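The structure under discussion appears below in the form of structure tokens.
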Amino acid sequence: SAHAALHVAWDAKASTGERLSGLDALIAVEDPRLGAIAQAIAAKDSRWPELTRSATVRMFPRHLSVDQLCQLLAWINPQKNTFGELNWQLARLIKQEEFDNQTLEALRDGLVGLVSDGLRWQKERSHLITARPHLSSPLVATCLRGLATSRSDAWLHASVLALRIPDREHGSDEARTALKEQLMNLSADDNARLFWVADAFNRSLHAEADPWQRLVWLLFHDGAVELRPDRDGPWVTRALGDTSRAPADRALLLQAAMHLGPSRETWSGPAIFV
């Protein structure tokens, strides 16, 4: 019965297999008491930490909310609870499950907040570090879903963050490549917004005065931006000619224009080469 399954699921003395069987039985009948289990798991109830991974992949998203998921992801130790499998399973669920736009945006914002917590630029190695690089893969999966329907600045910012924080231990190169390709195929207007969103993200972590180095951080170092002469040349030229722009931003645009130029002789200054 559902009552017996509930009792076993909560019983910390029962075996892992017995408790998960009880949980599966409750999920099968969509028992309303699953809400209390989800709340306990998210709050790190002493009866659930060892089952967190297994319970999460069973209950999310139908019986474990986005808020509860992000709550448990804030405390779970990636070195314990076989987090690598949870990471992969979460990315799979995010790819396959149905989400309305509001839920998907909440998931994006929750993951962005977790990955951004403590995010900083490491000068010695010239890259970004975070306490939760393992969450970049679920964020990549979320961004792939979001960009399919929206090119808002919030989705562009989340995508920049996801690509700048590679998870080489738990991540999927295939998913990251797919996200990069989505960004590479943006329209000219959307790519112009991505250019400035990514630049603002970089400057929020590392104030770089040299316009050439600003461009380097946009185009390389796991950057999300690609510039192509046919698509991006016109908007870069127009923006460069806007005298109302800040001098530092126009200097960055000049570097971008030289990067897009056909030859070194096209510009009075030195061209940019990788």
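Ordering of the structure tokens sets the chain letters (A, B, ...), residue numbers begin anew at 1 in every chain, and ligands are numbered from 1 in the order given.
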- Within 12 Å of A:Gln39 using only C-alpha atoms, minus same-chain residues under 3 positions, as a PyMOL selection string: chain A and resi 33-36+42-45+48+52+55-56+59+63-72
- Task: Give the strand (DSSP E or B) residues of stretch 45-245 of chain A, as DSSP finds them on the backbone, and put them as a PyMOL selection string.
- Result: chain A and resi 120-122+127-129
Using all heavy atoms, can you write the selected residues to a file as a JSON list (two decimals), in the first residue's frame?
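selection-v4.json, freshly written:
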```
[["chain", "number", "residue", "atom", "x", "y", "z"],
["A", 120, "ARG", "N", 35.33, 34.19, -9.62],
["A", 120, "ARG", "CA", 36.38, 35.20, -9.65],
["A", 120, "ARG", "C", 37.39, 34.89, -10.74],
["A", 120, "ARG", "O", 37.49, 33.75, -11.20],
["A", 120, "ARG", "CB", 37.09, 35.30, -8.29],
["A", 120, "ARG", "CG", 37.83, 34.05, -7.86],
["A", 120, "ARG", "CD", 38.28, 34.15, -6.41],
["A", 120, "ARG", "NE", 39.13, 33.06, -6.00],
["A", 120, "ARG", "CZ", 38.69, 31.87, -5.62],
["A", 120, "ARG", "NH1", 37.40, 31.62, -5.59],
["A", 120, "ARG", "NH2", 39.54, 30.92, -5.26],
["A", 121, "TRP", "N", 38.11, 35.91, -11.12],
["A", 121, "TRP", "CA", 39.15, 35.79, -12.13],
["A", 121, "TRP", "C", 40.46, 35.48, -11.45],
["A", 121, "TRP", "O", 40.85, 36.15, -10.49],
["A", 121, "TRP", "CB", 39.26, 37.10, -12.91],
["A", 121, "TRP", "CG", 40.23, 37.07, -14.05],
["A", 121, "TRP", "CD1", 40.08, 36.43, -15.24],
["A", 121, "TRP", "CD2", 41.50, 37.74, -14.12],
["A", 121, "TRP", "NE1", 41.16, 36.64, -16.05],
["A", 121, "TRP", "CE2", 42.05, 37.45, -15.39],
["A", 121, "TRP", "CE3", 42.21, 38.56, -13.25],
["A", 121, "TRP", "CZ2", 43.29, 37.94, -15.80],
["A", 121, "TRP", "CZ3", 43.44, 39.05, -13.66],
["A", 121, "TRP", "CH2", 43.97, 38.74, -14.91],
["A", 122, "GLN", "N", 41.16, 34.46, -11.93],
["A", 122, "GLN", "CA", 42.44, 34.06, -11.36],
["A", 122, "GLN", "C", 43.55, 34.59, -12.27],
["A", 122, "GLN", "O", 43.77, 34.07, -13.37],
["A", 122, "GLN", "CB", 42.53, 32.55, -11.22],
["A", 122, "GLN", "CG", 43.74, 32.08, -10.42],
["A", 122, "GLN", "CD", 43.73, 30.58, -10.21],
["A", 122, "GLN", "OE1", 43.54, 29.83, -11.16],
["A", 122, "GLN", "NE2", 43.94, 30.15, -8.98],
["A", 127, "HIS", "N", 42.15, 32.68, -16.01],
["A", 127, "HIS", "CA", 40.85, 32.09, -16.27],
["A", 127, "HIS", "C", 39.95, 32.29, -15.05],
["A", 127, "HIS", "O", 40.36, 32.85, -14.03],
["A", 127, "HIS", "CB", 40.96, 30.62, -16.66],
["A", 127, "HIS", "CG", 41.34, 29.71, -15.53],
["A", 127, "HIS", "ND1", 41.39, 28.34, -15.67],
["A", 127, "HIS", "CD2", 41.68, 29.95, -14.24],
["A", 127, "HIS", "CE1", 41.74, 27.80, -14.51],
["A", 127, "HIS", "NE2", 41.92, 28.75, -13.65],
["A", 128, "LEU", "N", 38.71, 31.87, -15.18],
["A", 128, "LEU", "CA", 37.74, 32.04, -14.11],
["A", 128, "LEU", "C", 37.63, 30.77, -13.30],
["A", 128, "LEU", "O", 37.72, 29.66, -13.83],
["A", 128, "LEU", "CB", 36.36, 32.40, -14.70],
["A", 128, "LEU", "CG", 36.31, 33.63, -15.60],
["A", 128, "LEU", "CD1", 34.89, 33.88, -16.07],
["A", 128, "LEU", "CD2", 36.85, 34.85, -14.88],
["A", 129, "ILE", "N", 37.42, 30.94, -12.00],
["A", 129, "ILE", "CA", 37.22, 29.78, -11.13],
["A", 129, "ILE", "C", 35.96, 30.00, -10.30],
["A", 129, "ILE", "O", 35.58, 31.12, -9.99],
["A", 129, "ILE", "CB", 38.44, 29.55, -10.21],
["A", 129, "ILE", "CG1", 38.76, 30.79, -9.38],
["A", 129, "ILE", "CG2", 39.65, 29.13, -11.02],
["A", 129, "ILE", "CD1", 39.88, 30.58, -8.37]]
```
- Item | Nearest to A:Arg214, chosen from A:Ala192, A:Ala251, A:Leu183, A:Leu147, with only C-alpha atoms counted in the distances | A:Ala251
- Which residues in stretch 70-162 of chain A does DSSP call alpha helix (DSSP H)? List them as JSON, numbers by chain. {"A": [70, 71, 72, 73, 74, 75, 83, 84, 85, 86, 87, 88, 89, 90, 91, 92, 93, 94, 95, 96, 101, 102, 103, 104, 105, 106, 107, 108, 109, 110, 111, 112, 113, 114, 115, 116, 136, 137, 138, 139, 140, 141, 142, 143, 144, 145, 146, 147, 153, 154, 155, 156, 157, 158, 159, 160, 161, 162]}
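Every protein or nucleic acid residue with an atom no more than 8 Å from A:Asp153, counting only C-alpha atoms and leaving out same-chain residues fewer than 3 positions away, appears here: Leu156, His157, Arg193, Leu194 and Val197 of chain A.
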- Query: Taking into account only C-alpha atoms, which residue in the set A:His221, A:Lys95, A:His7, A:His259 is nearest to A:Arg19?
  - Reply: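 Going through A:His221, A:Lys95, A:His7, A:His259 one by one, the smallest distance to A:Arg19 is for A:His7.
Nearest-residue note for A:Ile76: choosing from A:Glu50, A:Glu105, A:Asp230, A:Asp189, the minimum distance belongs to A:Glu50, counting only C-alpha atoms.
For the choices A:Asp24, A:Glu30, A:Asp249, A:Glu85, the atom-to-atom distance to A:Arg53 is smallest for A:Glu85 when using only C-alpha atoms.
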- Item | Spatial neighbours of A:Ser136, max dist 7 Å, only C-alpha atoms, sep filter under 4 positions, as an NGL selection string | :A and (140 or 162 or 165-167)
